[in-house]
Amino acid sequence: MTERALDQKTLRSVFWRSFALQGAFNYERMQNLGYAYAMIPVLRKLYTTEQQRSEALQRHLTFFNTTPAVSPAIMGVSAAMEEQNARDPENFDTGSINAVKAALMAPAAGIGDSLFWGTFRVIAAGIGISLASQGNILGPILFLLLYNIPHIAVRYFGLRYGYRFGTESLQKMAAAGTMDTVMSIANIIGMMVVGAMVATLLHITTPLTFGMSGAEVEIQAILDQMFPALLPLLATIGVFILIRRKVSVTRITLGVLVVGILLHILHIL
Amino acid sequence: MTTALLIGLIAGIGILDERIFGATLFGRPLVLSVLVGVVLGHPVEGIIIGAQLELVWMGLAGIGGSTPPDWVTGGVIGTTLAILSGEGVGVALAIAVPVAVLAQSLGVLVRIINLHFANRADHFAMRGDFRGVTVMMWIPPILFFLSTFIPAFLATLLGAGRIEGFMNATPSWIIDGLTVAGNLLPAVGFALLLDILYSRRTAVFAVLGFLIAAYAGIDITGVALIGACIAIILTLFMQRDGAATKKSSGVDNLTEGEIVYD
């Protein structure tokens, strides 16, 4: 049988905290504080020393971003992994916790965005608007009900199944010695997803043009043809090199802000 | 004054819907406009204006960490001024849409200021201080609240004419410059993530993911699924080869040894 260290009460606490996921949303690591905040009941239960708590908190303060509605499912998996780590720290690579988060968050956002923003919300709004435009109070009420019944259900069951699936598959893997394999798979997916995020979620374009035999040529149009998303790639590589050189993140962030505004004033971005 | 405070509260709590109340959509114009209507004594007008605004903004959603026009401030102010002036739906839209675009930069500003609290949270995390991290988590929502409460409160107090003047007076390079900088900042987040996952052996996969998304235009879910296939294929083949050579050479492949999370 699978043993589980986390009780219902802890998971319920994660469930309620997951609602505040975007409370401290910031441009650098997005939902990171909200995620760490939601994981605190789990970490408090599993870890007792300052060292363990510090490592775990820092782990969950890294970049995180997904559709809020599906975040509890990922938190469930993280809780299961933290539990496995607490149980058997020698054989557990804590880096895999973030690798799995990174591998899950984008596909979860892809499904979550199209399901919740694209489908449920549009259906609920369509029905709500048609009633409300006649001045019917049922419009907004139905809008909220139609959207939130599936929404809350996905949050609740997502957390439960994420945790249950996480613990069971982790313990099976530990027993079969396949943990390393699965972790390297998660790492490869995580890396590919980060690469894809740079290409699709970073919107950096240049308005620069140059004159050629009288005609205005847009540099961005040439880039789009030859090397799409080159600017996002360069920006990310630049920051990555700075991070590797141990430049403090605060400095990098402020630098990016100033450079961004300057380049805009110079009409380069 | 009381009315202005109540309208401000509707906007302030409305913005928190997608912040701390899990995006249950009570912050959408379809719902907030009704509340504004109730406060101003014209509930039916509120419902109808809400329906129009929702129709216009149905396509807006905070997807992928982007900051869309602020429909909370725009919708609440638009509804309020339309009902107060007695001009109806048309005026509501004419005010709401530009106000939403302007208020967006306040939202951008808060998300930039929040970097400070994220950094302070790091320091508390280093000491394993749950309380400190929790406090850092709860200050930004107050800023988000203020970022919509204050404009809605002031707009209700001042009335329609002055709002227009104020919007025309704000230099556009401030708003646009902030937007450009806001678009650059996720690069820091991605680079930090890359820093955690990075190992020389798997670096090529980040490039591969980028190229697939950039050139083939496949979305992130597709890239993740392709990544899963590639990873499984590699693991299957390497495992077979690895089993044969394991003892003799200790081949540096994906299934052997740890991934270096340095």
# chains A, B, ... in the order shown; residues from 1 in each chain; ligands from 1
>>> closest_atom_pairs(of="chain B", to="chain A", cutoff="6 Å", atoms="only C-alpha atoms", output="Markdown table")
| residue | atom | partner | partner_atom | distance |
| --- | --- | --- | --- | --- |
| B:Arg19 | CA | A:Gly23 | CA | 4.2 |
| B:Ile20 | CA | A:Ala20 | CA | 3.5 |
| B:Phe21 | CA | A:Phe19 | CA | 5.2 |
| B:Gly22 | CA | A:Phe19 | CA | 3.9 |
| B:Leu30 | CA | A:Pro140 | CA | 5.9 |
| B:Val31 | CA | A:Pro140 | CA | 5.5 |
| B:Val44 | CA | A:Gly135 | CA | 5.2 |
| B:Ile47 | CA | A:Gly135 | CA | 5.5 |
| B:Ile48 | CA | A:Ser133 | CA | 4.7 |
| B:Ala51 | CA | A:Ile129 | CA | 4.8 |
| B:Arg111 | CA | A:Asn26 | CA | 4.4 |
| B:Asn114 | CA | A:Asn26 | CA | 5.3 |
| B:Leu115 | CA | A:Asn26 | CA | 5.6 |
| B:Ala125 | CA | A:Ser54 | CA | 5.2 |
| B:Met126 | CA | A:Ser54 | CA | 5.0 |
| B:Arg127 | CA | A:Ser54 | CA | 5.6 |
| B:Gly128 | CA | A:Ser54 | CA | 3.7 |
| B:Met137 | CA | A:Ala24 | CA | 5.6 |
| B:Pro140 | CA | A:Ala24 | CA | 5.0 |
| B:Pro141 | CA | A:Gly23 | CA | 5.3 |
| B:Gly177 | CA | A:Ile261 | CA | 4.6 |
| B:Ala181 | CA | A:Gly260 | CA | 4.4 |
| B:Asn183 | CA | A:His203 | CA | 5.9 |
| B:Leu185 | CA | A:Tyr27 | CA | 5.7 |
| B:Pro186 | CA | A:Glu28 | CA | 5.3 |
| B:Ala187 | CA | A:Thr236 | CA | 4.9 |
| B:Val188 | CA | A:Glu28 | CA | 5.7 |
| B:Gly189 | CA | A:Glu28 | CA | 4.7 |
| B:Ala191 | CA | A:Phe240 | CA | 4.8 |
| B:Phe205 | CA | A:Met192 | CA | 5.1 |
| B:Ala206 | CA | A:Gly195 | CA | 4.4 |
| B:Val207 | CA | A:Gly195 | CA | 5.9 |
| B:Gly209 | CA | A:Met192 | CA | 4.0 |
| B:Phe210 | CA | A:Gly195 | CA | 4.1 |
| B:Ala213 | CA | A:Ala196 | CA | 5.1 |
| B:Ala214 | CA | A:Ala199 | CA | 5.3 |
| B:Ile220 | CA | A:Ala196 | CA | 5.9 |
| B:Thr221 | CA | A:Pro107 | CA | 4.4 |
| B:Ala224 | CA | A:Ile189 | CA | 5.7 |
| B:Gly227 | CA | A:Ile189 | CA | 4.9 |
| B:Ala228 | CA | A:Ile189 | CA | 5.8 |
| B:Ala231 | CA | A:Ile185 | CA | 5.1 |
| B:Thr255 | CA | A:Thr181 | CA | 5.3 |
>>> select_by_dssp(residues="region 35-229 of chain A", states="strand (DSSP E or B)", output="ChimeraX atom specification")
/A:64,209-212,215-218
>>> closest_residue(among="B:Leu158, B:Leu55, B:Leu106, B:Val99", to="Leu146 (chain B)", atoms="only C-alpha atoms")
B:Leu106
>>> residues_around(residues="Ser78 (chain A)", least_positions_apart="2", cutoff="8 Å", atoms="only C-alpha atoms", output="VMD selection string")
chain A and resid 74 to 76 80 to 82 97 101 163 166
>>> select_by_dssp(residues="region 14-214 of chain B", states="helix (DSSP H, G or I)", output="ChimeraX atom specification")
/B:14-16,29-39,43-57,71-85,89-126,130-158,160-169,172-184,186-197,203-214
>>> atom_distance(atom1="CA of Ala152 (chain B)", atom2="CA of Ala100 (chain B)")
11.3 Å
>>> residues_around(residues="Gly78 (chain B)", least_positions_apart="3", cutoff="12 Å", atoms="only C-alpha atoms", output="NGL selection string")
:B and (7 or 11 or 29 or 32-33 or 36-37 or 46 or 49-50 or 52-53 or 70-75 or 81-100 or 151-152 or 155-156 or 159-160 or 163-164)
>>> write_last_selection(atoms="N, CA and C atoms", output="compact mmCIF listing (two decimals), in the first residue's frame")
# COMPACT_ATOMS: atom_id res chain seq x y z
N ILE B 7 -18.06 52.78 -4.86
CA ILE B 7 -17.63 52.47 -6.23
C ILE B 7 -16.16 52.06 -6.22
N ALA B 11 -14.36 48.40 -7.42
CA ALA B 11 -13.20 48.24 -8.31
C ALA B 11 -12.04 47.57 -7.58
N PRO B 29 -16.79 42.57 -16.11
CA PRO B 29 -17.75 43.67 -16.22
C PRO B 29 -19.20 43.20 -16.07
N LEU B 32 -19.51 43.15 -12.21
CA LEU B 32 -19.20 44.39 -11.49
C LEU B 32 -20.17 45.52 -11.85
N SER B 33 -20.56 45.60 -13.12
CA SER B 33 -21.46 46.67 -13.54
C SER B 33 -22.80 46.58 -12.82
N VAL B 36 -22.26 48.14 -9.48
CA VAL B 36 -22.22 49.60 -9.63
C VAL B 36 -23.64 50.13 -9.78
N GLY B 37 -24.43 49.45 -10.60
CA GLY B 37 -25.81 49.86 -10.81
C GLY B 37 -26.61 49.86 -9.52
N GLY B 46 -27.32 48.96 -14.96
CA GLY B 46 -26.03 48.32 -14.68
C GLY B 46 -25.92 46.97 -15.38
N ILE B 49 -25.52 47.61 -19.21
CA ILE B 49 -24.18 48.11 -19.55
C ILE B 49 -23.14 47.01 -19.38
N GLY B 50 -23.29 46.24 -18.30
CA GLY B 50 -22.36 45.12 -18.06
C GLY B 50 -22.34 44.16 -19.23
N GLN B 52 -22.98 44.82 -22.37
CA GLN B 52 -22.28 45.43 -23.51
C GLN B 52 -20.76 45.39 -23.31
N LEU B 53 -20.33 45.76 -22.10
CA LEU B 53 -18.89 45.77 -21.83
C LEU B 53 -18.31 44.36 -21.94
N ASP B 70 -7.09 46.92 -18.40
CA ASP B 70 -7.72 46.67 -17.11
C ASP B 70 -9.22 46.89 -17.20
N TRP B 71 -9.93 45.78 -17.44
CA TRP B 71 -11.38 45.88 -17.61
C TRP B 71 -12.09 46.21 -16.30
N VAL B 72 -11.41 45.99 -15.16
CA VAL B 72 -12.05 46.29 -13.88
C VAL B 72 -12.21 47.81 -13.73
N THR B 73 -11.07 48.52 -13.77
CA THR B 73 -11.13 49.98 -13.65
C THR B 73 -11.96 50.58 -14.79
N GLY B 74 -11.68 50.14 -16.01
CA GLY B 74 -12.39 50.67 -17.17
C GLY B 74 -13.89 50.45 -17.05
N GLY B 75 -14.28 49.23 -16.72
CA GLY B 75 -15.69 48.89 -16.65
C GLY B 75 -16.42 49.63 -15.53
N LEU B 81 -19.83 56.56 -14.68
CA LEU B 81 -20.01 57.86 -15.31
C LEU B 81 -21.19 57.84 -16.28
N ALA B 82 -21.44 56.70 -16.93
CA ALA B 82 -22.58 56.62 -17.84
C ALA B 82 -23.89 56.74 -17.07
N ILE B 83 -23.98 56.04 -15.93
CA ILE B 83 -25.22 56.11 -15.14
C ILE B 83 -25.39 57.50 -14.52
N LEU B 84 -24.29 58.06 -13.98
CA LEU B 84 -24.38 59.37 -13.34
C LEU B 84 -24.79 60.45 -14.34
N SER B 85 -24.25 60.37 -15.56
CA SER B 85 -24.58 61.39 -16.56
C SER B 85 -25.89 61.08 -17.26
N GLY B 86 -26.41 59.87 -17.00
CA GLY B 86 -27.69 59.49 -17.61
C GLY B 86 -27.62 59.28 -19.10
N GLU B 87 -26.39 59.00 -19.63
CA GLU B 87 -26.24 58.93 -21.08
C GLU B 87 -26.31 57.51 -21.64
N GLY B 88 -26.20 56.51 -20.76
CA GLY B 88 -26.41 55.15 -21.23
C GLY B 88 -25.20 54.44 -21.81
N VAL B 89 -25.49 53.34 -22.50
CA VAL B 89 -24.47 52.37 -22.91
C VAL B 89 -23.36 52.97 -23.77
N GLY B 90 -23.71 53.82 -24.72
CA GLY B 90 -22.72 54.36 -25.64
C GLY B 90 -21.60 55.08 -24.91
N VAL B 91 -21.98 55.95 -23.96
CA VAL B 91 -20.99 56.68 -23.18
C VAL B 91 -20.16 55.73 -22.32
N ALA B 92 -20.82 54.72 -21.77
CA ALA B 92 -20.10 53.75 -20.94
C ALA B 92 -18.94 53.16 -21.73
N LEU B 93 -19.19 52.77 -22.99
CA LEU B 93 -18.14 52.18 -23.80
C LEU B 93 -17.05 53.20 -24.15
N ALA B 94 -17.51 54.41 -24.51
CA ALA B 94 -16.55 55.44 -24.91
C ALA B 94 -15.59 55.79 -23.78
N ILE B 95 -16.06 55.73 -22.54
CA ILE B 95 -15.17 56.01 -21.41
C ILE B 95 -14.38 54.76 -21.03
N ALA B 96 -15.09 53.62 -20.98
CA ALA B 96 -14.49 52.41 -20.42
C ALA B 96 -13.27 51.94 -21.21
N VAL B 97 -13.35 51.98 -22.53
CA VAL B 97 -12.27 51.39 -23.34
C VAL B 97 -10.94 52.15 -23.17
N PRO B 98 -10.93 53.49 -23.35
CA PRO B 98 -9.65 54.19 -23.11
C PRO B 98 -9.17 54.14 -21.65
N VAL B 99 -10.11 54.22 -20.70
CA VAL B 99 -9.70 54.14 -19.29
C VAL B 99 -9.03 52.80 -19.01
N ALA B 100 -9.57 51.73 -19.59
CA ALA B 100 -9.00 50.40 -19.37
C ALA B 100 -7.57 50.34 -19.86
N PRO B 151 -8.27 55.08 -8.67
CA PRO B 151 -8.84 55.68 -9.88
C PRO B 151 -10.37 55.70 -9.88
N ALA B 152 -10.99 54.60 -9.45
CA ALA B 152 -12.45 54.55 -9.48
C ALA B 152 -13.03 55.57 -8.50
N ALA B 155 -12.43 59.10 -9.97
CA ALA B 155 -13.25 59.34 -11.16
C ALA B 155 -14.69 59.64 -10.75
N THR B 156 -15.18 58.90 -9.76
CA THR B 156 -16.56 59.12 -9.32
C THR B 156 -16.70 60.50 -8.69
N GLY B 159 -15.93 63.23 -11.83
CA GLY B 159 -16.85 63.27 -12.96
C GLY B 159 -16.14 63.15 -14.31
N ALA B 160 -16.93 63.07 -15.37
CA ALA B 160 -16.42 62.65 -16.67
C ALA B 160 -15.42 63.61 -17.32
N ILE B 163 -11.62 63.51 -16.32
CA ILE B 163 -10.93 62.25 -16.61
C ILE B 163 -10.32 62.31 -18.00
N GLU B 164 -11.11 62.80 -18.95
CA GLU B 164 -10.64 62.89 -20.32
C GLU B 164 -9.39 63.77 -20.42
>>> residues_around(residues="Pro69 (chain B)", least_positions_apart="3", cutoff="8 Å", atoms="only C-alpha atoms", output="number ranges by chain")
B: 60, 100-104
>>> write_last_selection(atoms="N, CA and C atoms", output="PDB file, in the first residue's frame")
ATOM      1  N   LEU B  60     -10.678  39.485 -23.897  1.00  0.00           N
ATOM      2  CA  LEU B  60      -9.554  39.831 -23.023  1.00  0.00           C
ATOM      3  C   LEU B  60      -9.429  38.823 -21.890  1.00  0.00           C
ATOM      4  N   ALA B 100      -9.568  51.731 -19.587  1.00  0.00           N
ATOM      5  CA  ALA B 100      -9.004  50.404 -19.367  1.00  0.00           C
ATOM      6  C   ALA B 100      -7.565  50.343 -19.859  1.00  0.00           C
ATOM      7  N   VAL B 101      -7.304  50.977 -21.005  1.00  0.00           N
ATOM      8  CA  VAL B 101      -5.945  50.964 -21.560  1.00  0.00           C
ATOM      9  C   VAL B 101      -5.000  51.763 -20.661  1.00  0.00           C
ATOM     10  N   LEU B 102      -5.503  52.905 -20.178  1.00  0.00           N
ATOM     11  CA  LEU B 102      -4.674  53.734 -19.307  1.00  0.00           C
ATOM     12  C   LEU B 102      -4.408  53.031 -17.975  1.00  0.00           C
ATOM     13  N   ALA B 103      -5.458  52.445 -17.407  1.00  0.00           N
ATOM     14  CA  ALA B 103      -5.336  51.793 -16.097  1.00  0.00           C
ATOM     15  C   ALA B 103      -4.423  50.577 -16.169  1.00  0.00           C
ATOM     16  N   GLN B 104      -4.304  50.020 -17.354  1.00  0.00           N
ATOM     17  CA  GLN B 104      -3.416  48.876 -17.557  1.00  0.00           C
ATOM     18  C   GLN B 104      -2.000  49.187 -17.088  1.00  0.00           C
TER      19      GLN B 104
END
>>> closest_residue(among="A:His267, A:Arg12, A:Arg251, A:Lys172", to="Gln84 (chain A)", atoms="only C-alpha atoms")
A:Lys172
>>> residues_around(residues="Gly107 (chain B)", least_positions_apart="5", cutoff="8 Å", atoms="only C-alpha atoms", output="short mmCIF file (atom, residue, chain, number, x, y, z; two decimals) with N, CA and C atoms, in the first residue's frame")
data_model
loop_
_atom_site.label_atom_id
_atom_site.label_comp_id
_atom_site.auth_asym_id
_atom_site.auth_seq_id
_atom_site.Cartn_x
_atom_site.Cartn_y
_atom_site.Cartn_z
N THR B 67 -0.34 41.32 -19.42
CA THR B 67 -1.25 42.22 -18.71
C THR B 67 -2.19 42.86 -19.72
N ASP B 70 -7.09 46.92 -18.40
CA ASP B 70 -7.72 46.67 -17.11
C ASP B 70 -9.22 46.89 -17.20
N PHE B 144 -2.51 46.01 -5.48
CA PHE B 144 -3.47 45.78 -6.56
C PHE B 144 -4.80 46.43 -6.23
N SER B 147 -4.57 50.08 -6.73
CA SER B 147 -4.39 50.47 -8.13
C SER B 147 -5.72 50.62 -8.86
#
>>> atom_distance(atom1="CA of Ser199 (chain B)", atom2="CA of Ile230 (chain B)")
17.3 Å
>>> decode(residues="region 8-143 of chain B", atoms="C-alpha atoms", output="CSV table (one decimal), in the first residue's frame")
chain,number,residue,atom,x,y,z
B,8,GLY,CA,-13.9,52.4,-5.3
B,9,LEU,CA,-14.5,49.4,-3.2
B,10,ILE,CA,-16.2,47.5,-6.1
B,11,ALA,CA,-13.2,48.2,-8.3
B,12,GLY,CA,-10.7,47.4,-5.6
B,13,ILE,CA,-12.2,44.1,-4.7
B,14,GLY,CA,-13.0,43.4,-8.4
B,15,ILE,CA,-9.3,43.5,-9.3
B,16,LEU,CA,-8.6,41.0,-6.6
B,17,ASP,CA,-10.7,38.3,-8.3
B,18,GLU,CA,-7.9,37.2,-10.5
B,19,ARG,CA,-5.3,37.9,-7.7
B,20,ILE,CA,-6.4,36.2,-4.5
B,21,PHE,CA,-9.9,34.9,-5.2
B,22,GLY,CA,-8.9,32.3,-7.8
B,23,ALA,CA,-10.4,34.0,-10.9
B,24,THR,CA,-14.0,33.0,-10.3
B,25,LEU,CA,-14.9,35.8,-12.7
B,26,PHE,CA,-16.9,38.0,-10.3
B,27,GLY,CA,-14.4,40.7,-11.4
B,28,ARG,CA,-15.7,40.7,-15.0
B,29,PRO,CA,-17.8,43.7,-16.2
B,30,LEU,CA,-20.9,41.5,-16.5
B,31,VAL,CA,-20.9,41.2,-12.7
B,32,LEU,CA,-19.2,44.4,-11.5
B,33,SER,CA,-21.5,46.7,-13.5
B,34,VAL,CA,-24.5,45.2,-11.8
B,35,LEU,CA,-23.0,46.1,-8.4
B,36,VAL,CA,-22.2,49.6,-9.6
B,37,GLY,CA,-25.8,49.9,-10.8
B,38,VAL,CA,-27.1,48.7,-7.4
B,39,VAL,CA,-24.9,51.3,-5.6
B,40,LEU,CA,-26.2,54.1,-7.9
B,41,GLY,CA,-29.8,53.0,-7.7
B,42,HIS,CA,-30.1,51.9,-11.3
B,43,PRO,CA,-29.6,48.1,-11.2
B,44,VAL,CA,-31.2,47.3,-14.5
B,45,GLU,CA,-29.1,49.8,-16.4
B,46,GLY,CA,-26.0,48.3,-14.7
B,47,ILE,CA,-27.0,44.9,-15.9
B,48,ILE,CA,-27.4,46.1,-19.5
B,49,ILE,CA,-24.2,48.1,-19.5
B,50,GLY,CA,-22.4,45.1,-18.1
B,51,ALA,CA,-23.6,42.9,-20.9
B,52,GLN,CA,-22.3,45.4,-23.5
B,53,LEU,CA,-18.9,45.8,-21.8
B,54,GLU,CA,-18.5,42.0,-21.5
B,55,LEU,CA,-19.3,41.6,-25.2
B,56,VAL,CA,-16.5,44.1,-26.0
B,57,TRP,CA,-14.0,42.5,-23.7
B,58,MET,CA,-14.9,38.9,-24.0
B,59,GLY,CA,-11.7,38.3,-25.8
B,60,LEU,CA,-9.6,39.8,-23.0
B,61,ALA,CA,-8.0,37.5,-20.5
B,62,GLY,CA,-4.7,37.5,-18.6
B,63,ILE,CA,-3.1,34.6,-20.5
B,64,GLY,CA,0.5,33.6,-20.2
B,65,GLY,CA,1.5,36.3,-17.8
B,66,SER,CA,0.5,39.1,-20.1
B,67,THR,CA,-1.2,42.2,-18.7
B,68,PRO,CA,-4.4,43.0,-20.7
B,69,PRO,CA,-6.3,46.3,-20.6
B,70,ASP,CA,-7.7,46.7,-17.1
B,71,TRP,CA,-11.4,45.9,-17.6
B,72,VAL,CA,-12.0,46.3,-13.9
B,73,THR,CA,-11.1,50.0,-13.7
B,74,GLY,CA,-12.4,50.7,-17.2
B,75,GLY,CA,-15.7,48.9,-16.6
B,76,VAL,CA,-16.4,50.3,-13.2
B,77,ILE,CA,-15.6,53.9,-14.2
B,78,GLY,CA,-17.4,53.6,-17.5
B,79,THR,CA,-20.5,52.3,-15.9
B,80,THR,CA,-20.4,54.8,-13.1
B,81,LEU,CA,-20.0,57.9,-15.3
B,82,ALA,CA,-22.6,56.6,-17.8
B,83,ILE,CA,-25.2,56.1,-15.1
B,84,LEU,CA,-24.4,59.4,-13.3
B,85,SER,CA,-24.6,61.4,-16.6
B,86,GLY,CA,-27.7,59.5,-17.6
B,87,GLU,CA,-26.2,58.9,-21.1
B,88,GLY,CA,-26.4,55.2,-21.2
B,89,VAL,CA,-24.5,52.4,-22.9
B,90,GLY,CA,-22.7,54.4,-25.6
B,91,VAL,CA,-21.0,56.7,-23.2
B,92,ALA,CA,-20.1,53.8,-20.9
B,93,LEU,CA,-18.1,52.2,-23.8
B,94,ALA,CA,-16.5,55.4,-24.9
B,95,ILE,CA,-15.2,56.0,-21.4
B,96,ALA,CA,-14.5,52.4,-20.4
B,97,VAL,CA,-12.3,51.4,-23.3
B,98,PRO,CA,-9.6,54.2,-23.1
B,99,VAL,CA,-9.7,54.1,-19.3
B,100,ALA,CA,-9.0,50.4,-19.4
B,101,VAL,CA,-5.9,51.0,-21.6
B,102,LEU,CA,-4.7,53.7,-19.3
B,103,ALA,CA,-5.3,51.8,-16.1
B,104,GLN,CA,-3.4,48.9,-17.6
B,105,SER,CA,-0.2,50.8,-17.0
B,106,LEU,CA,-1.0,51.0,-13.3
B,107,GLY,CA,-1.4,47.2,-13.2
B,108,VAL,CA,2.0,47.0,-15.0
B,109,LEU,CA,3.5,49.2,-12.4
B,110,VAL,CA,2.2,47.1,-9.5
B,111,ARG,CA,3.6,44.0,-11.2
B,112,ILE,CA,7.0,45.7,-11.4
B,113,ILE,CA,6.9,46.9,-7.8
B,114,ASN,CA,6.1,43.3,-6.8
B,115,LEU,CA,9.6,42.3,-7.9
B,116,HIS,CA,10.7,44.0,-4.7
B,117,PHE,CA,8.5,41.8,-2.5
B,118,ALA,CA,9.6,38.7,-4.5
B,119,ASN,CA,13.2,39.5,-3.7
B,120,ARG,CA,12.4,40.2,0.0
B,121,ALA,CA,10.6,36.8,0.0
B,122,ASP,CA,13.9,35.2,-1.2
B,123,HIS,CA,15.6,36.5,1.9
B,124,PHE,CA,13.0,35.2,4.3
B,125,ALA,CA,13.1,31.9,2.4
B,126,MET,CA,16.9,31.6,3.0
B,127,ARG,CA,16.1,31.6,6.7
B,128,GLY,CA,13.2,29.2,6.3
B,129,ASP,CA,10.9,31.8,7.6
B,130,PHE,CA,7.3,30.9,6.6
B,131,ARG,CA,5.8,33.9,8.2
B,132,GLY,CA,8.1,36.3,6.3
B,133,VAL,CA,7.3,34.7,3.0
B,134,THR,CA,3.6,34.9,3.9
B,135,VAL,CA,3.7,38.6,4.7
B,136,MET,CA,5.6,39.3,1.4
B,137,MET,CA,2.8,37.4,-0.3
B,138,TRP,CA,0.0,39.5,1.2
B,139,ILE,CA,1.4,43.1,0.6
B,140,PRO,CA,1.1,43.1,-3.2
B,141,PRO,CA,-2.7,42.4,-3.1
B,142,ILE,CA,-3.0,45.6,-1.1
B,143,LEU,CA,-1.2,47.4,-4.0
